[in-house]
Structure formats: structure tokens, C-alpha cells
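What follows is work33.pdb (PDB, C-alpha atoms).
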```
ATOM      1  CA  TYR V   1     122.615  94.531  81.700
ATOM      2  CA  VAL V   2     119.999  93.551  79.124
ATOM      3  CA  ARG V   3     116.780  95.471  79.794
ATOM      4  CA  LYS V   4     114.657  94.631  76.784
ATOM      5  CA  ILE V   5     114.887  92.522  73.613
ATOM      6  CA  ASP V   6     112.797  93.669  70.661
ATOM      7  CA  GLY V   7     113.517  91.878  67.390
ATOM      8  CA  SER V   8     117.091  92.686  66.410
ATOM      9  CA  GLU V   9     117.365  95.486  68.984
ATOM     10  CA  ILE V  10     118.734  95.006  72.491
ATOM     11  CA  LYS V  11     118.235  97.764  75.063
ATOM     12  CA  LEU V  12     120.749  97.908  77.902
ATOM     13  CA  VAL V  13     120.561  99.404  81.390
ATOM     14  CA  GLN V  14     123.389 100.624  83.663
ATOM     15  CA  THR V  15     125.702 100.850  80.673
ATOM     16  CA  LYS V  16     129.209 102.199  80.223
ATOM     17  CA  ILE V  17     131.177 103.134  77.115
ATOM     18  CA  ASN V  18     134.962 102.996  77.582
ATOM     19  CA  ASN V  19     134.285 102.533  81.325
ATOM     20  CA  GLN V  20     132.335 105.816  81.459
ATOM     21  CA  PRO V  21     128.663 105.661  82.567
ATOM     22  CA  ILE V  22     126.154 107.015  80.038
ATOM     23  CA  SER V  23     122.785 108.552  80.810
ATOM     24  CA  SER V  24     121.026 107.704  77.531
ATOM     25  CA  ASP V  25     119.524 104.393  76.426
ATOM     26  CA  LEU V  26     122.063 102.199  74.648
ATOM     27  CA  ILE V  27     120.599 100.111  71.840
ATOM     28  CA  ILE V  28     122.582  97.350  70.156
ATOM     29  CA  VAL V  29     121.406  96.231  66.731
ATOM     30  CA  SER V  30     122.586  92.650  66.293
ATOM     31  CA  SER V  31     121.566  89.061  65.654
ATOM     32  CA  LEU V  32     122.450  88.363  69.304
ATOM     33  CA  SER V  33     118.789  88.660  70.276
ATOM     34  CA  ASN V  34     117.974  85.698  68.062
ATOM     35  CA  ASN V  35     120.087  83.452  70.273
ATOM     36  CA  THR V  36     119.572  82.675  73.953
ATOM     37  CA  LEU V  37     119.983  86.227  75.213
ATOM     38  CA  LYS V  38     117.881  86.913  78.320
ATOM     39  CA  ARG V  39     116.824  90.044  80.143
ATOM     40  CA  LEU V  40     119.025  91.022  83.122
ATOM     41  CA  GLN V  41     122.007  89.134  81.688
ATOM     42  CA  TYR V  42     125.323  90.940  81.828
ATOM     43  CA  ILE V  43     126.710  91.723  78.378
ATOM     44  CA  CYS V  44     130.108  93.132  77.410
ATOM     45  CA  VAL V  45     130.968  94.133  73.829
ATOM     46  CA  TRP V  46     134.338  94.894  72.281
ATOM     47  CA  THR V  47     133.816  96.753  69.031
ATOM     48  CA  ALA V  48     135.437  99.303  66.750
ATOM     49  CA  GLU V  49     132.071 100.099  65.159
ATOM     50  CA  PRO V  50     131.027 103.777  65.262
ATOM     51  CA  ILE V  51     128.605 104.790  67.995
ATOM     52  CA  LYS V  52     125.694 106.821  66.670
ATOM     53  CA  LYS V  53     123.544 109.052  68.846
ATOM     54  CA  TYR V  54     120.378 109.114  66.769
ATOM     55  CA  SER V  55     118.146 111.056  69.172
ATOM     56  CA  TYR V  56     118.296 112.839  72.510
ATOM     57  CA  PHE V  57     117.235 109.679  74.292
ATOM     58  CA  ASN V  58     119.115 106.904  72.494
ATOM     59  CA  ILE V  59     122.581 105.789  71.484
ATOM     60  CA  ARG V  60     122.871 103.021  68.909
ATOM     61  CA  ILE V  61     125.625 100.536  68.012
ATOM     62  CA  LYS V  62     125.306  98.172  65.061
ATOM     63  CA  LEU V  63     127.305  94.974  65.480
ATOM     64  CA  ASN V  64     128.472  92.420  62.957
ATOM     65  CA  GLU V  65     129.721  88.861  63.330
ATOM     66  CA  SER V  66     133.339  89.938  63.900
ATOM     67  CA  ASN V  67     132.618  91.766  67.163
ATOM     68  CA  ILE V  68     133.628  90.109  70.402
ATOM     69  CA  VAL V  69     130.749  89.705  72.862
ATOM     70  CA  GLU V  70     130.815  88.296  76.383
ATOM     71  CA  ILE V  71     127.533  87.203  77.975
ATOM     72  CA  GLU V  72     127.269  86.309  81.635
ATOM     73  CA  ASP V  73     124.187  84.500  82.897
ATOM     74  CA  ASN V  74     122.749  84.703  86.408
ATOM     75  CA  TYR V  75     120.025  83.039  88.447
ATOM     76  CA  ILE V  76     117.588  85.954  88.204
ATOM     77  CA  SER V  77     117.867  86.258  84.419
ATOM     78  CA  SER V  78     117.244  82.500  84.017
ATOM     79  CA  LEU V  79     114.239  82.581  86.378
ATOM     80  CA  ILE V  80     112.639  85.592  84.673
ATOM     81  CA  ASP V  81     113.277  84.102  81.244
ATOM     82  CA  GLN V  82     111.566  80.871  82.301
ATOM     83  CA  LEU V  83     108.588  82.757  83.737
ATOM     84  CA  SER V  84     108.231  84.837  80.565
ATOM     85  CA  ASN V  85     108.447  81.774  78.304
ATOM     86  CA  ASN V  86     105.800  79.901  80.324
ATOM     87  CA  LEU V  87     103.519  82.934  80.348
ATOM     88  CA  ASN V  88     103.913  83.419  76.584
ATOM     89  CA  SER V  89     103.235  79.767  75.817
ATOM     90  CA  ALA V  90     100.165  79.597  78.065
ATOM     91  CA  ILE V  91      98.569  82.757  76.657
ATOM     92  CA  ASP V  92      99.301  81.644  73.066
ATOM     93  CA  PHE V  93      97.646  78.286  73.827
ATOM     94  CA  TYR V  94      94.422  79.759  75.234
ATOM     95  CA  LEU V  95      93.973  82.966  73.240
ATOM     96  CA  GLU V  96      95.488  81.944  69.886
ATOM     97  CA  ASP V  97      95.179  84.870  67.424
ATOM     98  CA  ASP V  98      94.199  87.305  70.189
ATOM     99  CA  ALA V  99      97.254  86.495  72.304
ATOM    100  CA  GLY V 100      99.462  89.254  70.874
ATOM    101  CA  MET V 101      97.166  92.156  71.783
ATOM    102  CA  PHE V 102      96.403  90.677  75.215
ATOM    103  CA  LYS V 103     100.095  90.281  76.067
ATOM    104  CA  GLY V 104     100.808  93.824  74.899
ATOM    105  CA  ILE V 105      98.026  95.434  76.943
ATOM    106  CA  VAL V 106      98.412  93.412  80.152
ATOM    107  CA  PHE V 107     102.114  92.486  80.244
ATOM    108  CA  GLY V 108     103.746  94.896  77.794
ATOM    109  CA  ILE V 109     105.053  92.063  75.578
ATOM    110  CA  GLN V 110     105.337  93.597  72.106
ATOM    111  CA  ASN V 111     106.787  90.871  69.899
ATOM    112  CA  ASP V 112     103.521  89.226  68.794
ATOM    113  CA  ILE V 113     101.323  92.297  68.243
ATOM    114  CA  ASN V 114      99.941  92.526  64.715
ATOM    115  CA  PRO V 115     101.560  95.480  62.837
ATOM    116  CA  GLU V 116      98.105  96.562  61.630
ATOM    117  CA  ASP V 117      96.872  96.709  65.233
ATOM    118  CA  LYS V 118      99.889  98.799  66.199
ATOM    119  CA  LYS V 119      99.153 101.234  63.363
ATOM    120  CA  THR V 120      95.449 101.501  64.289
ATOM    121  CA  PHE V 121      96.237 102.206  67.941
ATOM    122  CA  ARG V 122      98.906 104.720  66.929
ATOM    123  CA  ASP V 123      96.581 106.548  64.516
ATOM    124  CA  LEU V 124      93.943 106.838  67.255
ATOM    125  CA  GLY V 125      96.477 108.204  69.738
ATOM    126  CA  ILE V 126      96.153 105.234  72.114
ATOM    127  CA  SER V 127      99.317 103.278  71.279
ATOM    128  CA  HIS V 128     100.385 103.654  74.925
ATOM    129  CA  VAL V 129      97.841 100.985  75.959
ATOM    130  CA  LEU V 130      99.920  98.374  74.095
ATOM    131  CA  VAL V 131     102.882  99.070  76.363
ATOM    132  CA  ALA V 132     103.042  98.236  80.059
ATOM    133  CA  SER V 133     103.135 101.559  81.895
ATOM    134  CA  GLY V 134     103.004 102.964  85.380
ATOM    135  CA  ALA V 135      99.220 102.679  85.223
ATOM    136  CA  ASN V 136      99.616  98.902  84.850
ATOM    137  CA  ILE V 137     101.459  98.750  88.176
ATOM    138  CA  ILE V 138      98.574 100.596  89.855
ATOM    139  CA  LEU V 139      96.020  98.268  88.266
ATOM    140  CA  VAL V 140      98.018  95.157  89.196
ATOM    141  CA  ILE V 141      98.209  96.399  92.796
ATOM    142  CA  SER V 142      94.415  96.813  92.688
ATOM    143  CA  ALA V 143      94.029  93.256  91.397
ATOM    144  CA  ILE V 144      96.270  91.901  94.178
ATOM    145  CA  THR V 145      94.496  93.951  96.853
ATOM    146  CA  ILE V 146      91.069  92.708  95.732
ATOM    147  CA  LEU V 147      92.193  89.061  95.951
ATOM    148  CA  ILE V 148      93.943  89.498  99.307
ATOM    149  CA  THR V 149      90.882  91.250 100.782
ATOM    150  CA  ARG V 150      88.450  88.612  99.507
ATOM    151  CA  LEU V 151      90.568  85.679 100.719
ATOM    152  CA  ASN V 152      91.586  87.426 103.969
ATOM    153  CA  LEU V 153      95.202  86.316 103.483
ATOM    154  CA  LYS V 154      97.912  86.846 106.076
ATOM    155  CA  HIS V 155     101.105  88.764 105.274
ATOM    156  CA  SER V 156      99.174  90.700 102.627
ATOM    157  CA  ARG V 157     101.843  93.385 102.198
ATOM    158  CA  ALA V 158     104.581  90.807 101.614
ATOM    159  CA  ILE V 159     102.423  89.031  98.994
ATOM    160  CA  GLN V 160     101.693  92.348  97.303
ATOM    161  CA  PHE V 161     105.392  93.253  97.186
ATOM    162  CA  VAL V 162     106.516  89.886  95.754
ATOM    163  CA  VAL V 163     103.832  89.775  93.042
ATOM    164  CA  VAL V 164     104.503  93.371  91.931
ATOM    165  CA  LEU V 165     108.242  92.644  91.832
ATOM    166  CA  ILE V 166     107.685  89.559  89.639
ATOM    167  CA  TYR V 167     105.415  91.584  87.337
ATOM    168  CA  LEU V 168     108.122  94.266  87.082
ATOM    169  CA  PHE V 169     110.712  91.714  85.966
ATOM    170  CA  ILE V 170     108.348  90.097  83.447
ATOM    171  CA  VAL V 171     107.340  93.345  81.717
ATOM    172  CA  GLY V 172     110.864  94.799  81.820
ATOM    173  CA  ILE V 173     112.422  97.763  83.602
ATOM    174  CA  GLU V 174     111.116 100.549  81.390
ATOM    175  CA  GLY V 175     111.043 104.205  82.432
ATOM    176  CA  SER V 176     107.385 104.501  83.421
ATOM    177  CA  ILE V 177     107.373 101.067  85.051
ATOM    178  CA  ALA V 178     110.480 101.894  87.110
ATOM    179  CA  ARG V 179     108.957 105.209  88.235
ATOM    180  CA  ALA V 180     105.710 103.526  89.250
ATOM    181  CA  PHE V 181     107.577 100.767  91.088
ATOM    182  CA  PHE V 182     109.636 103.235  93.124
ATOM    183  CA  PHE V 183     106.435 105.163  93.865
ATOM    184  CA  PHE V 184     104.851 101.892  94.982
ATOM    185  CA  LEU V 185     107.832 101.140  97.251
ATOM    186  CA  LEU V 186     107.574 104.530  98.931
ATOM    187  CA  ASN V 187     103.864 104.065  99.521
ATOM    188  CA  PHE V 188     104.453 100.462 100.665
ATOM    189  CA  PHE V 189     107.014 101.438 103.315
ATOM    190  CA  SER V 190     105.133 104.554 104.447
ATOM    191  CA  VAL V 191     102.002 102.445 105.102
ATOM    192  CA  THR V 192     104.076  99.674 106.731
ATOM    193  CA  VAL V 193     105.733 102.035 109.228
ATOM    194  CA  GLY V 194     102.505 104.003 109.695
ATOM    195  CA  ARG V 195     103.932 107.323 108.541
ATOM    196  CA  GLY V 196     102.127 109.144 105.750
ATOM    197  CA  VAL V 197     103.961 110.871 102.897
ATOM    198  CA  GLY V 198     102.357 113.526 100.701
ATOM    199  CA  TYR V 199     101.658 112.800  97.044
ATOM    200  CA  LEU V 200     104.085 115.421  95.694
ATOM    201  CA  HIS V 201     106.740 114.330  98.180
ATOM    202  CA  LYS V 202     106.379 110.749  96.925
ATOM    203  CA  ILE V 203     106.870 111.928  93.347
ATOM    204  CA  LEU V 204     110.018 113.866  94.291
ATOM    205  CA  MET V 205     111.420 110.979  96.342
ATOM    206  CA  ALA V 206     110.690 108.502  93.527
ATOM    207  CA  LEU V 207     112.578 110.803  91.161
ATOM    208  CA  ILE V 208     115.585 110.941  93.513
ATOM    209  CA  ILE V 209     115.605 107.152  93.997
ATOM    210  CA  SER V 210     115.378 106.626  90.223
ATOM    211  CA  LEU V 211     118.232 109.076  89.675
ATOM    212  CA  PHE V 212     120.362 107.191  92.208
ATOM    213  CA  PHE V 213     119.706 103.602  91.065
ATOM    214  CA  ILE V 214     118.941 103.879  87.320
ATOM    215  CA  PRO V 215     120.053 107.356  86.176
ATOM    216  CA  GLU V 216     119.827 106.532  82.468
ATOM    217  CA  LEU V 217     116.055 106.121  82.751
ATOM    218  CA  ILE V 218     115.631 109.716  83.905
ATOM    219  CA  VAL V 219     116.306 111.144  80.432
ATOM    220  CA  GLY V 220     114.170 108.525  78.682
ATOM    221  CA  LEU V 221     110.971 109.741  77.029
ATOM    222  CA  SER V 222     108.930 107.002  78.722
ATOM    223  CA  PHE V 223     110.096 108.211  82.138
ATOM    224  CA  ILE V 224     109.387 111.865  81.335
ATOM    225  CA  LEU V 225     105.897 111.119  80.044
ATOM    226  CA  SER V 226     105.212 108.937  83.073
ATOM    227  CA  PHE V 227     106.132 111.721  85.495
ATOM    228  CA  ALA V 228     104.068 114.166  83.466
ATOM    229  CA  ALA V 229     101.070 111.810  83.743
ATOM    230  CA  THR V 230     101.596 111.486  87.506
ATOM    231  CA  LEU V 231     101.746 115.253  87.987
ATOM    232  CA  SER V 232      98.710 115.612  85.722
ATOM    233  CA  LEU V 233      96.740 113.333  88.049
ATOM    234  CA  ARG V 234      97.622 115.589  90.973
ATOM    235  CA  PHE V 235      96.619 118.657  88.953
ATOM    236  CA  SER V 236      93.284 117.079  87.983
ATOM    237  CA  SER V 237      92.649 116.252  91.665
ATOM    238  CA  SER V 238      93.219 119.912  92.524
ATOM    239  CA  ILE V 239      90.620 120.908  89.918
ATOM    240  CA  GLN V 240      88.113 118.457  91.391
ATOM    241  CA  GLU V 241      88.761 119.722  94.919
ATOM    242  CA  TYR V 242      88.532 123.386  93.896
ATOM    243  CA  PHE V 243      85.150 122.955  92.193
ATOM    244  CA  LYS V 244      84.038 120.348  94.781
ATOM    245  CA  ILE V 245      83.040 117.846  92.100
ATOM    246  CA  GLU V 246      81.802 114.537  93.532
ATOM    247  CA  ASN V 247      80.306 112.901  90.443
ATOM    248  CA  LYS V 248      82.565 109.946  89.527
ATOM    249  CA  ILE V 249      81.861 110.143  85.786
ATOM    250  CA  ILE V 250      82.709 113.861  85.636
ATOM    251  CA  ASN V 251      85.829 113.283  87.734
ATOM    252  CA  PHE V 252      86.964 110.507  85.403
ATOM    253  CA  PHE V 253      86.369 112.781  82.399
ATOM    254  CA  ILE V 254      88.406 115.598  83.994
ATOM    255  CA  GLN V 255      91.206 113.257  85.056
ATOM    256  CA  SER V 256      91.515 111.546  81.670
ATOM    257  CA  SER V 257      91.292 114.815  79.728
ATOM    258  CA  VAL V 258      93.962 116.556  81.810
ATOM    259  CA  VAL V 259      96.374 113.619  81.536
ATOM    260  CA  VAL V 260      95.853 113.163  77.789
ATOM    261  CA  ILE V 261      96.206 116.893  77.044
ATOM    262  CA  ILE V 262      99.337 117.479  79.132
ATOM    263  CA  VAL V 263     101.095 114.265  78.093
ATOM    264  CA  GLY V 264     100.032 114.939  74.490
ATOM    265  CA  LEU V 265     101.590 118.407  74.561
ATOM    266  CA  ILE V 266     104.901 116.970  75.785
ATOM    267  CA  SER V 267     104.796 114.287  73.085
ATOM    268  CA  CYS V 268     104.008 117.020  70.556
ATOM    269  CA  TYR V 269     107.185 118.844  71.567
ATOM    270  CA  PHE V 270     109.348 115.796  70.859
ATOM    271  CA  PHE V 271     107.512 114.331  67.858
ATOM    272  CA  LYS V 272     106.202 117.602  66.331
ATOM    273  CA  THR V 273     102.655 116.259  66.022
ATOM    274  CA  TYR V 274      99.510 116.209  68.163
ATOM    275  CA  ASN V 275      96.652 113.755  67.778
ATOM    276  CA  LEU V 276      93.373 115.485  68.732
ATOM    277  CA  THR V 277      91.394 112.269  68.316
ATOM    278  CA  GLY V 278      93.472 110.784  71.138
ATOM    279  CA  ILE V 279      91.426 112.658  73.770
ATOM    280  CA  PHE V 280      88.154 111.125  72.574
ATOM    281  CA  SER V 281      89.680 107.686  71.961
ATOM    282  CA  ASN V 282      91.234 107.515  75.425
ATOM    283  CA  LEU V 283      87.980 108.424  77.150
ATOM    284  CA  ILE V 284      86.224 105.498  75.437
ATOM    285  CA  ILE V 285      88.989 102.876  75.449
ATOM    286  CA  LEU V 286      90.738 103.410  78.815
ATOM    287  CA  PRO V 287      87.906 102.145  81.080
ATOM    288  CA  ILE V 288      87.835  98.874  79.110
ATOM    289  CA  ILE V 289      91.637  98.633  79.237
ATOM    290  CA  GLU V 290      91.636  99.094  83.017
ATOM    291  CA  VAL V 291      89.169  96.234  83.492
ATOM    292  CA  LEU V 292      91.145  94.064  81.051
ATOM    293  CA  VAL V 293      94.444  94.628  82.895
ATOM    294  CA  VAL V 294      92.966  93.866  86.333
ATOM    295  CA  VAL V 295      91.105  90.755  85.131
ATOM    296  CA  GLY V 296      93.735  89.721  82.589
ATOM    297  CA  PHE V 297      96.571  89.795  85.126
ATOM    298  CA  TRP V 298      95.039  87.015  87.218
ATOM    299  CA  ILE V 299      93.727  85.128  84.201
ATOM    300  CA  GLY V 300      97.226  85.169  82.693
ATOM    301  CA  ILE V 301      98.566  83.614  85.898
ATOM    302  CA  LEU V 302      95.783  80.993  85.921
ATOM    303  CA  PHE V 303      96.487  80.190  82.268
ATOM    304  CA  THR V 304     100.168  79.653  83.112
ATOM    305  CA  ILE V 305      99.437  77.374  86.080
ATOM    306  CA  SER V 306      96.959  75.316  84.027
ATOM    307  CA  TYR V 307      99.377  75.095  81.101
ATOM    308  CA  LEU V 308     102.298  73.965  83.271
ATOM    309  CA  PHE V 309     100.421  71.263  85.183
ATOM    310  CA  ASP V 310      98.297  70.214  82.166
ATOM    311  CA  ILE V 311      95.175  69.404  84.216
ATOM    312  CA  ALA V 312      92.328  68.510  81.856
ATOM    313  CA  VAL V 313      89.570  69.919  84.094
ATOM    314  CA  LEU V 314      91.346  73.268  84.488
ATOM    315  CA  THR V 315      92.072  73.444  80.774
ATOM    316  CA  PHE V 316      88.373  72.914  80.024
ATOM    317  CA  ILE V 317      87.263  75.589  82.534
ATOM    318  CA  PHE V 318      89.864  78.130  81.442
ATOM    319  CA  GLN V 319      88.739  77.818  77.836
ATOM    320  CA  TYR V 320      85.603  79.696  78.944
ATOM    321  CA  LEU V 321      87.751  82.362  80.628
ATOM    322  CA  ALA V 322      89.614  82.687  77.355
ATOM    323  CA  GLU V 323      86.325  83.382  75.558
ATOM    324  CA  ILE V 324      85.582  86.243  77.973
ATOM    325  CA  ILE V 325      88.977  87.784  77.226
ATOM    326  CA  LYS V 326      88.418  87.350  73.491
ATOM    327  CA  LEU V 327      85.077  89.175  73.796
ATOM    328  CA  MET V 328      86.755  92.100  75.570
ATOM    329  CA  LEU V 329      89.501  92.274  72.949
ATOM    330  CA  GLY V 330      86.870  92.056  70.228
ATOM    331  CA  LEU V 331      85.030  95.002  71.798
ATOM    332  CA  ILE V 332      88.222  97.065  71.772
ATOM    333  CA  ASP V 333      88.854  96.075  68.164
ATOM    334  CA  SER V 334      85.299  97.062  67.163
ATOM    335  CA  ILE V 335      85.587 100.460  68.865
ATOM    336  CA  ASN V 336      88.903 101.061  67.111
ATOM    337  CA  PHE V 337      87.291 100.137  63.787
ATOM    338  CA  TYR V 338      84.447 102.655  64.150
ATOM    339  CA  LEU V 339      86.688 105.419  65.502
ATOM    340  CA  SER V 340      89.187 105.005  62.661
ATOM    341  CA  ASP V 341      86.501 105.266  59.945
TER     342      ASP V 341
END
```

Would you kindly transcribe this structure into C-alpha cells?
Amino acid sequence: YVRKIDGSEIKLVQTKINNQPISSDLIIVSSLSNNTLKRLQYICVWTAEPIKKYSYFNIRIKLNESNIVEIEDNYISSLIDQLSNNLNSAIDFYLEDDAGMFKGIVFGIQNDINPEDKKTFRDLGISHVLVASGANIILVISAITILITRLNLKHSRAIQFVVVLIYLFIVGIEGSIARAFFFFLLNFFSVTVGRGVGYLHKILMALIISLFFIPELIVGLSFILSFAATLSLRFSSSIQEYFKIENKIINFFIQSSVVVIIVGLISCYFFKTYNLTGIFSNLIILPIIEVLVVVGFWIGILFTISYLFDIAVLTFIFQYLAEIIKLMLGLIDSINFYLSD
């Protein structure tokens, strides 16, 4: 099934080669993605082209026009494609030149991010904020919980589950997102049945569920880094408990530092480089990113509703919301500018 479309590259999930399941990511390089290919569509390829394993995590096939390809559509892939298109169009309409960065940070949509912005974020060691991650799921859950609590809505857990599931489909089933979603499910059902599960037990159970349903994600770098970040959070909590630290600012500093250092060391092992400025950059940028994701999630939905129904009053009001988002993105851009000098 199609998991992600990025330019001329198509990432597949639950893949087989010669009817044998594979554990690595399979990437097809082809002009197929320029057509009407949608995420979660079933795709079957008959090819004599050589299969190249270009890293531990990825297998690549390059197709040409002579290859035979079968694409099978389904209701879910059409629905998600329509949702993504409406969301993209609405955000482009309201945020214009700032739409690319907003979509990357809040919804993990990479196609419209300026290459210069990508390079700046990468050089500062904060390129992960341009990709939807497990942290986004947590922040989206926070955004949903805040709204449900304020409005005192019934069936709050069901609403929370449906919205998170839709968000998962929109951003794509990436390694860290899948891990966070399974973790969310475990927490969701444990709270629903009134039976608590320990943090480490949830991590282990999420790993087992991931291994059972989407085994190829387990060996993906995104998944590994996501689990490392989750374990780092538990380790940082142990430090806070041991020293009995109650100051929120100090706790945030400890938490962010531990996560950045441990995840950075794992990245260093695979990429043979370590960005020391990333620790400082993350401490400054991440609080702004967290606010932007929580606020931007609901604003993105409001933009889409307004865009679809084309109500003049809503369009006028949401233009002011768009200015708030632009100010936040401008602040991030300014911080990046001064840190990169």
C-alpha cells in the first residue's frame, strides 16, 4: 500500500517482493506519483529492474515507462486524498507564502517547504520540527482535550479517537507517528476500562503491536528515534524524581536536553555527525513549535471548513487568525536567522 508520496518517490507499507514480505522501507522512483496516485492505495508492480538496497533502512526500485503497474483504489484512500487536498488548498489560500512551513510543522506535509528553510532547520539541528512526529500526536491530543473540556462535550473519548485517527491518515503512517498512535491506543483503552498500565509497559506493548501490524516500520530510523525519544522522556522523569525538582522551567530544560542528547547520539551513529548547536536551538524553538501545533491544528481545520463553505464572514474573520499564525512563523524564522549567523 502507498504510505507516502514525495516528489518522484513513493514509499510503500506492508510490501512483498516475489511474494515474500520485506522488513525495510520500499521506495519506488517513478513518474507514477505525478498522476492520481493516493496514499493507502494498493499498488502492484511487475518489473525486471534491479532492486537496490541503498541503506540499512531502505530498498529502492527505479521504474520506467515499460513497467507494468496495477493500482487499486479504495474508499479510505479516496476520502483521505480529498481531506488532504482540501486542507492543502485552504492553508495555501489563507497563509500564502507561509503555508509550506506551517503545513510541515503542524501536519508533516513536506512538498511545499522552501528548500532554503529545510537547509536552515537542518543546519541548526531542528529539521525534525518540519516532520510530523510522535510529539505531534501528543500535542493534537492536548488540543482535542482542551476543546472537549471547555465545551463539555459528550462521548469525549470517541471524539478524541476519531480526530486522532483522521490526523494519522492525513500526515501519513510514518514510524514515529505509528508508534505514538499505538501508544495512544493503549492509553485510550486502559483509561476506558479503568485499568492503569505503566509507562514502560505501554512502550513495550506499543512495540509488540507495531511489530505485529506494521513490522517494516520497526527497522525504520524514524521509528527507532521515536522510541529513543520516548525512553529518554522516562529517563528524564527519573532524574527529576531523584533530585525532587519541581520547577517547571528546570524540568523542561532537563527533559529537552536529555531527549536531544540521546536522540542526537543515535543519529550520530547512523549519519556520522553530531550537531552541538541542536541542543541550544531545540530549547529555544520547541516551546514555540508546541504552541503552534496545538493552535495550528484547530486553525487548519477552521481554515478548511471556511474554504469549503466559502462564507464571506468566516473568511474575513479567519484572515486575522492567519495573521497570528504568520507572526508565529515569522518569530521562528527570525530566531533561526540569528542562531544561524

Given all atoms listed in the file, how would the per-residue table for region 68-137 of chain V near region 300-309 of chain V read, listing every residue at most 8 Å away with its closest atom pair and distance in Å to one decimal, sorted by chain and number, as a Markdown table?
```
| residue | atom | partner | partner_atom | distance |
| --- | --- | --- | --- | --- |
| V:Asn86 | CA | V:Thr304 | CA | 6.3 |
| V:Leu87 | CA | V:Thr304 | CA | 5.4 |
| V:Ser89 | CA | V:Thr304 | CA | 7.9 |
| V:Ala90 | CA | V:Thr304 | CA | 5.0 |
| V:Ile91 | CA | V:Phe303 | CA | 6.5 |
| V:Tyr94 | CA | V:Phe303 | CA | 7.3 |
```

Any chance you can output those residues with C-alpha atoms as a CSV table (one decimal), in the frame of the given file?
```csv
chain,number,residue,atom,x,y,z
V,86,ASN,CA,105.8,79.9,80.3
V,87,LEU,CA,103.5,82.9,80.3
V,89,SER,CA,103.2,79.8,75.8
V,90,ALA,CA,100.2,79.6,78.1
V,91,ILE,CA,98.6,82.8,76.7
V,94,TYR,CA,94.4,79.8,75.2
```

- [ ] Tell me which residues the PyMOL selection byres ((chain V and resi 314-327) around 10) grabs here, as an MDAnalysis selection string.
- [x] chainID V and resid 91 93:99 102 292 295:296 299:300 302:303 305:307 309:313 328:333

Restrict the selected residues to C-alpha atoms and save them as a PDB file, keeping the file's coordinate frame.
```
ATOM      1  CA  ILE V  91      98.569  82.757  76.657  1.00  0.00           C
ATOM      2  CA  PHE V  93      97.646  78.286  73.827  1.00  0.00           C
ATOM      3  CA  TYR V  94      94.422  79.759  75.234  1.00  0.00           C
ATOM      4  CA  LEU V  95      93.973  82.966  73.240  1.00  0.00           C
ATOM      5  CA  GLU V  96      95.488  81.944  69.886  1.00  0.00           C
ATOM      6  CA  ASP V  97      95.179  84.870  67.424  1.00  0.00           C
ATOM      7  CA  ASP V  98      94.199  87.305  70.189  1.00  0.00           C
ATOM      8  CA  ALA V  99      97.254  86.495  72.304  1.00  0.00           C
ATOM      9  CA  PHE V 102      96.403  90.677  75.215  1.00  0.00           C
ATOM     10  CA  LEU V 292      91.145  94.064  81.051  1.00  0.00           C
ATOM     11  CA  VAL V 295      91.105  90.755  85.131  1.00  0.00           C
ATOM     12  CA  GLY V 296      93.735  89.721  82.589  1.00  0.00           C
ATOM     13  CA  ILE V 299      93.727  85.128  84.201  1.00  0.00           C
ATOM     14  CA  GLY V 300      97.226  85.169  82.693  1.00  0.00           C
ATOM     15  CA  LEU V 302      95.783  80.993  85.921  1.00  0.00           C
ATOM     16  CA  PHE V 303      96.487  80.190  82.268  1.00  0.00           C
ATOM     17  CA  ILE V 305      99.437  77.374  86.080  1.00  0.00           C
ATOM     18  CA  SER V 306      96.959  75.316  84.027  1.00  0.00           C
ATOM     19  CA  TYR V 307      99.377  75.095  81.101  1.00  0.00           C
ATOM     20  CA  PHE V 309     100.421  71.263  85.183  1.00  0.00           C
ATOM     21  CA  ASP V 310      98.297  70.214  82.166  1.00  0.00           C
ATOM     22  CA  ILE V 311      95.175  69.404  84.216  1.00  0.00           C
ATOM     23  CA  ALA V 312      92.328  68.510  81.856  1.00  0.00           C
ATOM     24  CA  VAL V 313      89.570  69.919  84.094  1.00  0.00           C
ATOM     25  CA  MET V 328      86.755  92.100  75.570  1.00  0.00           C
ATOM     26  CA  LEU V 329      89.501  92.274  72.949  1.00  0.00           C
ATOM     27  CA  GLY V 330      86.870  92.056  70.228  1.00  0.00           C
ATOM     28  CA  LEU V 331      85.030  95.002  71.798  1.00  0.00           C
ATOM     29  CA  ILE V 332      88.222  97.065  71.772  1.00  0.00           C
ATOM     30  CA  ASP V 333      88.854  96.075  68.164  1.00  0.00           C
TER      31      ASP V 333
END
```

Task: Point-to-point distance from CA of Gln110 (chain V) to CA of Ile80 (chain V), Å rounded to tenths - done: 16.6 Å

Task: Ground truth for the PyMOL selection byres ((chain V and resi 203) around 12), written as a VMD selection string - done: chain V and resid 179 to 187 197 to 202 204 to 210 226 to 234

TODO: Mind giving me the straight-line distance from CA of Lys62 (chain V) to CA of Ile28 (chain V) in Å, one decimal?
DONE: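 Going from CA of Lys62 (chain V) over to CA of Ile28 (chain V), I get 5.8 Å.
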
Closest pair table for region 71-182 of chain V residues within 8 Å of region 262-286 of chain V, all atoms listed in the file, as CSV:
```
residue,atom,partner,partner_atom,distance
V:Asp123,CA,V:Asn275,CA,7.9
V:Leu124,CA,V:Gly278,CA,5.6
V:Gly125,CA,V:Gly278,CA,4.2
V:Ile126,CA,V:Gly278,CA,6.2
```

Open item on the list: Using all atoms listed in the file for the distances, tell me which of V:Leu83, V:Leu130, V:Leu225, V:Ile239 is nearest to Met101 (chain V).
Closed with: V:Leu130

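Picture a line from CA of Gly100 (chain V) to CA of Ile113 (chain V); it runs 4.4 Å.
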
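With distances restricted to all atoms listed in the file, V:Ile105 is the closest residue to Phe121 (chain V) from V:Val260, V:Leu153, V:Ile105, V:Leu37.
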